[in-house]
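See structure below.
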Amino acid sequence: MDGIPCLRVSQCQAQKLRKCLQSKGALDMSLCLMRDSDETVLLPIVPSCLSHVDLQSLRSMVASDNACEVVWSQSPLLCKMNKGKSCSNKLEKILQELFECHGERWSEELRADLPRSFQRHGDLVLLGDNCFNLPLWKKMDPQLWSVVAKGLGAQRLAKISRISSDGFRSPMVTMLLGEHSWVQHVDNRISYEFDVTKCMFSAGNITEKLRVATFDCRGQTVVDLYAGIGYFTLPYLVHAGAHHVHACEWNPDAVQALRKNLVSNRVSDRCTVHQGDNRQLQLSDVADRVNLGLIPSSKDSWPVACRLLKKSTGGILHIHQNVTSPFPNTANFPESDDATQTISGKTSDREVWQAWADDTANRISSYLKDISGTTWITNIQHIEHVKSYAPHVNHLVLDLECRPS
């Protein structure tokens with residue numbers, strides 16, 4: 001994910017939590033704290049330490065109505081001091097030297113075509129499509145990419161142009177340097193391996209993966225309707241102790257990575273992989289929990305999730321959704337056909353989230369009644385804020401308990 005990972009906290013709690021992060025080596029001391037809106041402060045986190053931040057423990061240190069969440073800042077958090085040349089300065093310097101060796105003059109136009117951000121996957125750096133687009137770069141072949149890799153501290157390079165519209169959200173990635181495109185991430189002692197040219201890795205979901213890891217799922221059967229490479233399937237198995245997980249995924253490349261990750265994390269004996277459209281899943285009456293981890297919305301699979309819950313005891317649905325907060329002078333929402341749920345009016349974010357959760361609970365109750373022919377009771381256990389995508393757009397997870405009456 002682009003941006004800088006930060007802990008957003010209330011100003012009154014900033015000093016306490018800053019000291020806590022600093023004591024664990026997770027506070028990025030090269031960046032400044034930044035005042036955010038709504039009387040909150042952003043504490044910059046060292047990216048490599050993000051997966052080790054215990055959000056539940058941090059939240060226990062503050063009052064329940066105080067902010068304490070991981071967000072990704074798109075605004076610059078200025079460096080406190082110049083600790084040597086930055087990665088971009090180093091890259092620019094060695095590229096200038098390369099151009100001089102070829103008798104070419106360095107220019108501001110070339111500087112503007114350098115990468116401003118990139119993703120790092122182990123020894124592979126994934127560049128965006130907004131760099132190295134000028135024709136002059138081609139004159140530097142075949143040395144260019146090895147020089148760029150050296151400047152960025154990488155062994156392999158790839159470049160993403162866009163996300164495919166193939167229904168699988170496959171990345172359009174070209175390898176520039178290196179013999180293979182498989183990479184590995186380790187989050188919370190779980191290994192995720194995938195082909196960077198065929199699968200996406202959602203680093204912004206780390207806080208939700210950490211939360212899932214704290215669940216007590218011993219003896220429970222879980223169905224993960226959007227398993228991907230195992231983002232949530234693996235925390236359910238490795239840390240939450242689920243008895244069995246049914247993992248559904250329709251992207252064959254993600255399924256290949258998922259199977260590999262189940263084996264490498266030694267949990268393949270407790271997982272059944274179902275490849276294909278989850279709406280065609282031939283399962284029912286099996287789940288204690290159903291994970292619906294698709295954004296902007298998993299609505300298409302709500303009836304499937306309801307059918308999967310155990311008829312005698314019910315269970316919990318973990319429903320992901322992008323919820324749009326209010327814009328001034330717009331009407332309150334009734335039913336929305338948009339993939340991103342929009343709730344408008346002069347209300348706070350928390351009120352908007354609660355309104356979305358209430359509406360979702362009512363719809364799920366209706367589905368359950370239609371499927372079973374009996375009345376079910378739904379209870380909103382928790383609304384989790386995962387991350388902010390843009391002003392007014394928030395990725396939420398609703399923990400909805402569903403029990404037959």
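By convention here, the chains of the structure tokens are called A, B, ... in the order presented, each chain's residues are numbered starting at 1, and ligands are numbered starting at 1 in the order presented.
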
*How would you write, as number ranges by chain, the set of residues in stretch 56-289 of chain A that DSSP gives as alpha helix (DSSP H)?*
A: 56-59, 87-101, 108-112, 144-152, 206-213, 233-238, 252-264

With a distance cut-off of 7 Å and only C-alpha atoms, select the neighbouring residues of stretch 138-146 of chain A, excluding the residue or stretch itself and same-chain residues fewer than 4 positions from it, and output the selection as a compact mmCIF listing (two decimals) with C-alpha atoms, in the first residue's frame.
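The resulting out_1.txt:
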```
# COMPACT_ATOMS: atom_id res chain seq x y z
CA LYS A 150 21.53 -1.18 -6.85
CA LEU A 176 12.63 -6.04 -15.38
CA LEU A 177 15.43 -7.82 -13.55
```

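Within 10 Å of A:Arg307, once only C-alpha atoms are used and residues closer than 4 positions along the same chain are dropped, the contacting residues are Leu283, Ser284, Asp285, Val286, Ala287, Ser301, Trp302, Pro303, Lys311, Tyr367, Leu368, Ile371 and Ser372 of chain A.
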
Neighbours of stretch 183-196 of chain A within 10 Å (only C-alpha atoms; same-chain residues fewer than 5 positions away dropped), as a PDB file with N, CA and C atoms, in the first residue's frame?
```pdb
ATOM      1  N   SER A  48       8.681  -2.230   8.642  1.00  0.00           N
ATOM      2  CA  SER A  48       9.022  -3.626   8.930  1.00  0.00           C
ATOM      3  C   SER A  48       8.507  -4.080  10.292  1.00  0.00           C
ATOM      4  N   CYS A  49       8.117  -3.125  11.159  1.00  0.00           N
ATOM      5  CA  CYS A  49       7.601  -3.467  12.489  1.00  0.00           C
ATOM      6  C   CYS A  49       6.079  -3.502  12.531  1.00  0.00           C
ATOM      7  N   LEU A  50       5.433  -3.143  11.418  1.00  0.00           N
ATOM      8  CA  LEU A  50       3.975  -3.008  11.428  1.00  0.00           C
ATOM      9  C   LEU A  50       3.278  -4.301  11.822  1.00  0.00           C
ATOM     10  N   SER A  51       3.772  -5.438  11.311  1.00  0.00           N
ATOM     11  CA  SER A  51       3.108  -6.709  11.589  1.00  0.00           C
ATOM     12  C   SER A  51       3.260  -7.132  13.048  1.00  0.00           C
ATOM     13  N   HIS A  52       4.159  -6.475  13.787  1.00  0.00           N
ATOM     14  CA  HIS A  52       4.390  -6.838  15.185  1.00  0.00           C
ATOM     15  C   HIS A  52       3.711  -5.877  16.162  1.00  0.00           C
ATOM     16  N   VAL A  53       3.037  -4.871  15.641  1.00  0.00           N
ATOM     17  CA  VAL A  53       2.342  -3.919  16.512  1.00  0.00           C
ATOM     18  C   VAL A  53       1.085  -4.589  17.083  1.00  0.00           C
ATOM     19  N   ARG A 120       8.143  -2.964  -1.643  1.00  0.00           N
ATOM     20  CA  ARG A 120       9.290  -3.847  -1.463  1.00  0.00           C
ATOM     21  C   ARG A 120       8.790  -5.213  -1.002  1.00  0.00           C
ATOM     22  N   HIS A 121       9.139  -6.241  -1.746  1.00  0.00           N
ATOM     23  CA  HIS A 121       8.782  -7.616  -1.408  1.00  0.00           C
ATOM     24  C   HIS A 121      10.072  -8.416  -1.271  1.00  0.00           C
ATOM     25  N   GLY A 122      10.647  -8.423  -0.063  1.00  0.00           N
ATOM     26  CA  GLY A 122      11.923  -9.099   0.128  1.00  0.00           C
ATOM     27  C   GLY A 122      12.994  -8.420  -0.708  1.00  0.00           C
ATOM     28  N   ASP A 123      13.651  -9.204  -1.593  1.00  0.00           N
ATOM     29  CA  ASP A 123      14.711  -8.628  -2.422  1.00  0.00           C
ATOM     30  C   ASP A 123      14.186  -8.080  -3.743  1.00  0.00           C
ATOM     31  N   LEU A 124      12.854  -8.050  -3.899  1.00  0.00           N
ATOM     32  CA  LEU A 124      12.239  -7.527  -5.130  1.00  0.00           C
ATOM     33  C   LEU A 124      11.556  -6.197  -4.853  1.00  0.00           C
ATOM     34  N   LEU A 126       8.912  -3.495  -6.479  1.00  0.00           N
ATOM     35  CA  LEU A 126       7.854  -3.354  -7.485  1.00  0.00           C
ATOM     36  C   LEU A 126       7.614  -1.868  -7.720  1.00  0.00           C
ATOM     37  N   ALA A 158      10.564  -5.223 -10.753  1.00  0.00           N
ATOM     38  CA  ALA A 158       9.374  -5.434 -11.572  1.00  0.00           C
ATOM     39  C   ALA A 158       8.612  -4.121 -11.636  1.00  0.00           C
ATOM     40  N   LYS A 159       7.714  -4.015 -12.609  1.00  0.00           N
ATOM     41  CA  LYS A 159       6.944  -2.787 -12.762  1.00  0.00           C
ATOM     42  C   LYS A 159       5.496  -3.130 -13.033  1.00  0.00           C
ATOM     43  N   ILE A 160       4.600  -2.483 -12.273  1.00  0.00           N
ATOM     44  CA  ILE A 160       3.173  -2.719 -12.443  1.00  0.00           C
ATOM     45  C   ILE A 160       2.578  -1.590 -13.268  1.00  0.00           C
ATOM     46  N   SER A 170      -6.022  -9.286 -11.129  1.00  0.00           N
ATOM     47  CA  SER A 170      -4.644  -9.695 -11.390  1.00  0.00           C
ATOM     48  C   SER A 170      -3.807  -8.465 -11.730  1.00  0.00           C
ATOM     49  N   PRO A 171      -2.605  -8.369 -11.180  1.00  0.00           N
ATOM     50  CA  PRO A 171      -1.754  -7.226 -11.507  1.00  0.00           C
ATOM     51  C   PRO A 171      -1.118  -7.397 -12.874  1.00  0.00           C
ATOM     52  N   MET A 172      -1.000  -6.302 -13.605  1.00  0.00           N
ATOM     53  CA  MET A 172      -0.293  -6.314 -14.890  1.00  0.00           C
ATOM     54  C   MET A 172       1.153  -5.921 -14.590  1.00  0.00           C
ATOM     55  N   VAL A 173       1.984  -6.924 -14.367  1.00  0.00           N
ATOM     56  CA  VAL A 173       3.352  -6.705 -13.891  1.00  0.00           C
ATOM     57  C   VAL A 173       4.349  -7.286 -14.890  1.00  0.00           C
ATOM     58  N   THR A 174       5.410  -6.531 -15.152  1.00  0.00           N
ATOM     59  CA  THR A 174       6.498  -6.981 -16.018  1.00  0.00           C
ATOM     60  C   THR A 174       7.774  -7.091 -15.194  1.00  0.00           C
ATOM     61  N   MET A 175       8.438  -8.233 -15.255  1.00  0.00           N
ATOM     62  CA  MET A 175       9.733  -8.385 -14.590  1.00  0.00           C
ATOM     63  C   MET A 175      10.796  -7.650 -15.401  1.00  0.00           C
ATOM     64  N   PHE A 201      -0.821  -8.421  -3.070  1.00  0.00           N
ATOM     65  CA  PHE A 201      -0.663  -8.600  -1.628  1.00  0.00           C
ATOM     66  C   PHE A 201      -1.167  -7.346  -0.945  1.00  0.00           C
ATOM     67  N   ALA A 203      -1.072  -5.240   1.933  1.00  0.00           N
ATOM     68  CA  ALA A 203      -0.380  -4.916   3.185  1.00  0.00           C
ATOM     69  C   ALA A 203      -1.267  -4.124   4.131  1.00  0.00           C
ATOM     70  N   ILE A 206      -3.160  -5.623   7.416  1.00  0.00           N
ATOM     71  CA  ILE A 206      -2.380  -6.226   8.496  1.00  0.00           C
ATOM     72  C   ILE A 206      -3.093  -6.140   9.842  1.00  0.00           C
ATOM     73  N   LYS A 209      -5.707  -8.832  10.032  1.00  0.00           N
ATOM     74  CA  LYS A 209      -5.085 -10.149  10.183  1.00  0.00           C
ATOM     75  C   LYS A 209      -4.608 -10.367  11.612  1.00  0.00           C
ATOM     76  N   LEU A 210      -4.069  -9.318  12.222  1.00  0.00           N
ATOM     77  CA  LEU A 210      -3.637  -9.415  13.616  1.00  0.00           C
ATOM     78  C   LEU A 210      -4.839  -9.629  14.544  1.00  0.00           C
ATOM     79  N   ALA A 213      -6.083 -13.153  14.381  1.00  0.00           N
ATOM     80  CA  ALA A 213      -5.161 -14.032  15.096  1.00  0.00           C
ATOM     81  C   ALA A 213      -5.472 -14.115  16.588  1.00  0.00           C
ATOM     82  N   ILE A 229      -4.634 -15.618  -1.321  1.00  0.00           N
ATOM     83  CA  ILE A 229      -3.451 -16.440  -1.065  1.00  0.00           C
ATOM     84  C   ILE A 229      -3.404 -16.920   0.383  1.00  0.00           C
ATOM     85  N   GLY A 230      -4.457 -16.585   1.146  1.00  0.00           N
ATOM     86  CA  GLY A 230      -4.532 -17.028   2.537  1.00  0.00           C
ATOM     87  C   GLY A 230      -4.467 -15.913   3.551  1.00  0.00           C
ATOM     88  N   TYR A 231      -4.780 -14.673   3.125  1.00  0.00           N
ATOM     89  CA  TYR A 231      -4.682 -13.511   4.009  1.00  0.00           C
ATOM     90  C   TYR A 231      -5.306 -13.777   5.381  1.00  0.00           C
ATOM     91  N   LEU A 234      -5.005 -18.250   6.810  1.00  0.00           N
ATOM     92  CA  LEU A 234      -3.837 -18.673   7.586  1.00  0.00           C
ATOM     93  C   LEU A 234      -3.874 -18.193   9.036  1.00  0.00           C
ATOM     94  N   PRO A 235      -4.236 -16.935   9.339  1.00  0.00           N
ATOM     95  CA  PRO A 235      -4.370 -16.557  10.756  1.00  0.00           C
ATOM     96  C   PRO A 235      -5.414 -17.378  11.505  1.00  0.00           C
ATOM     97  N   VAL A 238      -3.384 -20.828  11.919  1.00  0.00           N
ATOM     98  CA  VAL A 238      -2.112 -20.810  12.642  1.00  0.00           C
ATOM     99  C   VAL A 238      -2.261 -20.266  14.058  1.00  0.00           C
ATOM    100  N   HIS A 239      -2.997 -19.172  14.223  1.00  0.00           N
ATOM    101  CA  HIS A 239      -3.070 -18.504  15.524  1.00  0.00           C
ATOM    102  C   HIS A 239      -4.413 -18.664  16.235  1.00  0.00           C
ATOM    103  N   ASP A 253      -4.441 -18.639  -9.947  1.00  0.00           N
ATOM    104  CA  ASP A 253      -3.093 -18.279  -9.507  1.00  0.00           C
ATOM    105  C   ASP A 253      -3.041 -18.085  -7.994  1.00  0.00           C
ATOM    106  N   ALA A 254      -4.095 -17.479  -7.434  1.00  0.00           N
ATOM    107  CA  ALA A 254      -4.169 -17.328  -5.981  1.00  0.00           C
ATOM    108  C   ALA A 254      -4.320 -18.684  -5.313  1.00  0.00           C
ATOM    109  N   VAL A 255      -5.075 -19.575  -5.930  1.00  0.00           N
ATOM    110  CA  VAL A 255      -5.251 -20.923  -5.371  1.00  0.00           C
ATOM    111  C   VAL A 255      -3.912 -21.653  -5.307  1.00  0.00           C
ATOM    112  N   GLN A 256      -3.110 -21.508  -6.352  1.00  0.00           N
ATOM    113  CA  GLN A 256      -1.786 -22.135  -6.352  1.00  0.00           C
ATOM    114  C   GLN A 256      -0.947 -21.628  -5.181  1.00  0.00           C
ATOM    115  N   ALA A 257      -0.956 -20.297  -4.963  1.00  0.00           N
ATOM    116  CA  ALA A 257      -0.205 -19.724  -3.852  1.00  0.00           C
ATOM    117  C   ALA A 257      -0.793 -20.156  -2.517  1.00  0.00           C
ATOM    118  N   LEU A 258      -2.128 -20.205  -2.423  1.00  0.00           N
ATOM    119  CA  LEU A 258      -2.795 -20.615  -1.191  1.00  0.00           C
ATOM    120  C   LEU A 258      -2.374 -22.031  -0.789  1.00  0.00           C
ATOM    121  N   LYS A 260       0.290 -23.638  -1.619  1.00  0.00           N
ATOM    122  CA  LYS A 260       1.701 -23.596  -1.237  1.00  0.00           C
ATOM    123  C   LYS A 260       1.863 -23.057   0.189  1.00  0.00           C
ATOM    124  N   ASN A 261       1.099 -22.015   0.520  1.00  0.00           N
ATOM    125  CA  ASN A 261       1.206 -21.406   1.844  1.00  0.00           C
ATOM    126  C   ASN A 261       0.641 -22.301   2.943  1.00  0.00           C
ATOM    127  N   LEU A 262      -0.396 -23.059   2.634  1.00  0.00           N
ATOM    128  CA  LEU A 262      -0.940 -24.007   3.606  1.00  0.00           C
ATOM    129  C   LEU A 262       0.103 -25.059   3.971  1.00  0.00           C
ATOM    130  N   SER A 264       3.519 -24.744   3.545  1.00  0.00           N
ATOM    131  CA  SER A 264       4.700 -24.158   4.184  1.00  0.00           C
ATOM    132  C   SER A 264       4.433 -23.750   5.630  1.00  0.00           C
ATOM    133  N   ASN A 265       3.160 -23.458   5.955  1.00  0.00           N
ATOM    134  CA  ASN A 265       2.812 -23.117   7.342  1.00  0.00           C
ATOM    135  C   ASN A 265       2.292 -24.328   8.121  1.00  0.00           C
TER     136      ASN A 265
END
```

*Computed interatomic separation between atom CA of A:Arg403 and atom CA of A:Asn379 (Å)*: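 About the pair atom CA of A:Arg403 and atom CA of A:Asn379: they are 8.5 Å apart.
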
*Quote the spacing between atom CA of A:Glu249 and atom CA of A:Val273 in Å to one decimal place.*
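Separation between atom CA of A:Glu249 and atom CA of A:Val273: 7.7 Å.
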
*A:Val125 surroundings by only C-alpha atoms, 8 Å radius, close-in-sequence under 4 positions cut, as a PyMOL selection string*: chain A and resi 118-121+149+152+154+156-158

*asked:* One decimal, in Å: what's the spacing between atom CA of A:Cys271 and atom CA of A:Thr197?
replied: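 Interatomic distance, atom CA of A:Cys271 to atom CA of A:Thr197: 25.7 Å.
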
*What's the 12 Å shell around A:Asn362, counting only C-alpha atoms, without same-chain residues fewer than 6 positions away, as a count of residues only?*
12

*Of the residues A:Val41, A:Ile319, A:Cys12, A:Leu17, which is the one nearest to A:Leu294, using only C-alpha atoms?*
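So, comparing all the options, the nearest one is A:Ile319.
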
*asked:* To test your reading of the structure, identify every residue in stretch 280-398 of chain A that backbone DSSP assigns to strand (DSSP E), and report it as JSON, numbers by chain.
replied: {"A": [289, 290, 291, 292, 315, 316, 317, 318, 319, 320, 321, 322, 323, 324, 341, 342, 376, 377, 378, 379, 380, 381, 382, 383, 384, 385, 386, 387, 388, 389, 390, 393, 394, 395, 396, 397, 398]}

Export of the given selection (N, CA and C atoms) as a compact mmCIF listing (two decimals), in the first residue's frame:
```txt
# COMPACT_ATOMS: atom_id res chain seq x y z
N ARG A 289 -18.22 -19.73 11.89
CA ARG A 289 -17.85 -18.38 11.45
C ARG A 289 -17.73 -18.38 9.93
N VAL A 290 -18.11 -17.25 9.35
CA VAL A 290 -17.90 -17.05 7.91
C VAL A 290 -17.18 -15.71 7.73
N ASN A 291 -16.06 -15.74 7.02
CA ASN A 291 -15.29 -14.52 6.75
C ASN A 291 -15.60 -14.04 5.34
N LEU A 292 -16.08 -12.80 5.23
CA LEU A 292 -16.44 -12.21 3.93
C LEU A 292 -15.51 -11.04 3.66
N GLY A 315 -23.91 -18.69 14.21
CA GLY A 315 -22.49 -18.36 14.28
C GLY A 315 -22.26 -16.88 14.06
N ILE A 316 -21.05 -16.55 13.62
CA ILE A 316 -20.65 -15.15 13.47
C ILE A 316 -20.22 -14.89 12.03
N LEU A 317 -20.72 -13.80 11.45
CA LEU A 317 -20.29 -13.33 10.14
C LEU A 317 -19.33 -12.15 10.32
N HIS A 318 -18.22 -12.20 9.63
CA HIS A 318 -17.27 -11.08 9.63
C HIS A 318 -17.36 -10.43 8.25
N ILE A 319 -18.10 -9.32 8.18
CA ILE A 319 -18.49 -8.72 6.90
C ILE A 319 -17.65 -7.47 6.62
N HIS A 320 -16.87 -7.51 5.54
CA HIS A 320 -16.05 -6.37 5.14
C HIS A 320 -16.84 -5.47 4.19
N GLN A 321 -16.60 -4.16 4.29
CA GLN A 321 -17.32 -3.21 3.42
C GLN A 321 -16.58 -1.88 3.40
N ASN A 322 -16.57 -1.23 2.25
CA ASN A 322 -16.15 0.17 2.18
C ASN A 322 -17.36 1.03 2.45
N VAL A 323 -17.29 1.87 3.47
CA VAL A 323 -18.41 2.74 3.84
C VAL A 323 -17.99 4.18 3.64
N THR A 324 -18.82 4.93 2.93
CA THR A 324 -18.54 6.33 2.66
C THR A 324 -19.25 7.21 3.68
N GLN A 341 -21.00 1.30 0.07
CA GLN A 341 -22.18 1.79 0.77
C GLN A 341 -21.99 3.26 1.13
N THR A 342 -22.93 4.10 0.74
CA THR A 342 -22.86 5.52 1.03
C THR A 342 -23.95 5.91 2.02
N TRP A 376 -34.42 -15.39 13.08
CA TRP A 376 -33.09 -15.39 13.69
C TRP A 376 -32.86 -14.05 14.39
N ILE A 377 -32.03 -14.09 15.41
CA ILE A 377 -31.65 -12.87 16.14
C ILE A 377 -30.22 -12.50 15.75
N THR A 378 -30.03 -11.27 15.33
CA THR A 378 -28.68 -10.79 14.99
C THR A 378 -28.23 -9.78 16.04
N ASN A 379 -26.96 -9.85 16.37
CA ASN A 379 -26.39 -8.97 17.39
C ASN A 379 -25.06 -8.41 16.89
N ILE A 380 -24.97 -7.07 16.83
CA ILE A 380 -23.73 -6.42 16.41
C ILE A 380 -22.72 -6.51 17.54
N GLN A 381 -21.72 -7.37 17.36
CA GLN A 381 -20.71 -7.54 18.40
C GLN A 381 -19.66 -6.44 18.35
N HIS A 382 -19.27 -6.05 17.14
CA HIS A 382 -18.14 -5.11 17.03
C HIS A 382 -18.09 -4.55 15.61
N ILE A 383 -17.65 -3.30 15.50
CA ILE A 383 -17.36 -2.68 14.20
C ILE A 383 -15.88 -2.28 14.21
N GLU A 384 -15.11 -2.90 13.34
CA GLU A 384 -13.67 -2.65 13.28
C GLU A 384 -13.32 -1.75 12.11
N HIS A 385 -12.56 -0.70 12.39
CA HIS A 385 -12.06 0.17 11.33
C HIS A 385 -10.70 -0.36 10.90
N VAL A 386 -10.60 -0.81 9.66
CA VAL A 386 -9.35 -1.39 9.16
C VAL A 386 -8.42 -0.32 8.64
N LYS A 387 -8.93 0.52 7.74
CA LYS A 387 -8.10 1.60 7.19
C LYS A 387 -8.98 2.59 6.44
N SER A 388 -8.40 3.75 6.20
CA SER A 388 -9.06 4.78 5.40
C SER A 388 -8.48 4.74 4.00
N TYR A 389 -9.35 4.68 2.99
CA TYR A 389 -8.89 4.66 1.61
C TYR A 389 -8.67 6.06 1.07
N ALA A 390 -9.56 6.94 1.43
CA ALA A 390 -9.55 8.31 0.92
C ALA A 390 -10.44 9.10 1.88
N VAL A 393 -13.94 7.67 2.91
CA VAL A 393 -14.11 6.26 2.54
C VAL A 393 -13.31 5.38 3.50
N ASN A 394 -14.01 4.50 4.23
CA ASN A 394 -13.38 3.68 5.25
C ASN A 394 -13.69 2.20 5.04
N HIS A 395 -12.65 1.38 5.21
CA HIS A 395 -12.79 -0.08 5.16
C HIS A 395 -13.16 -0.55 6.57
N LEU A 396 -14.35 -1.11 6.71
CA LEU A 396 -14.86 -1.58 8.00
C LEU A 396 -15.08 -3.08 7.97
N VAL A 397 -15.08 -3.69 9.16
CA VAL A 397 -15.50 -5.08 9.31
C VAL A 397 -16.54 -5.14 10.42
N LEU A 398 -17.68 -5.74 10.09
CA LEU A 398 -18.76 -5.93 11.06
C LEU A 398 -18.72 -7.36 11.56
```
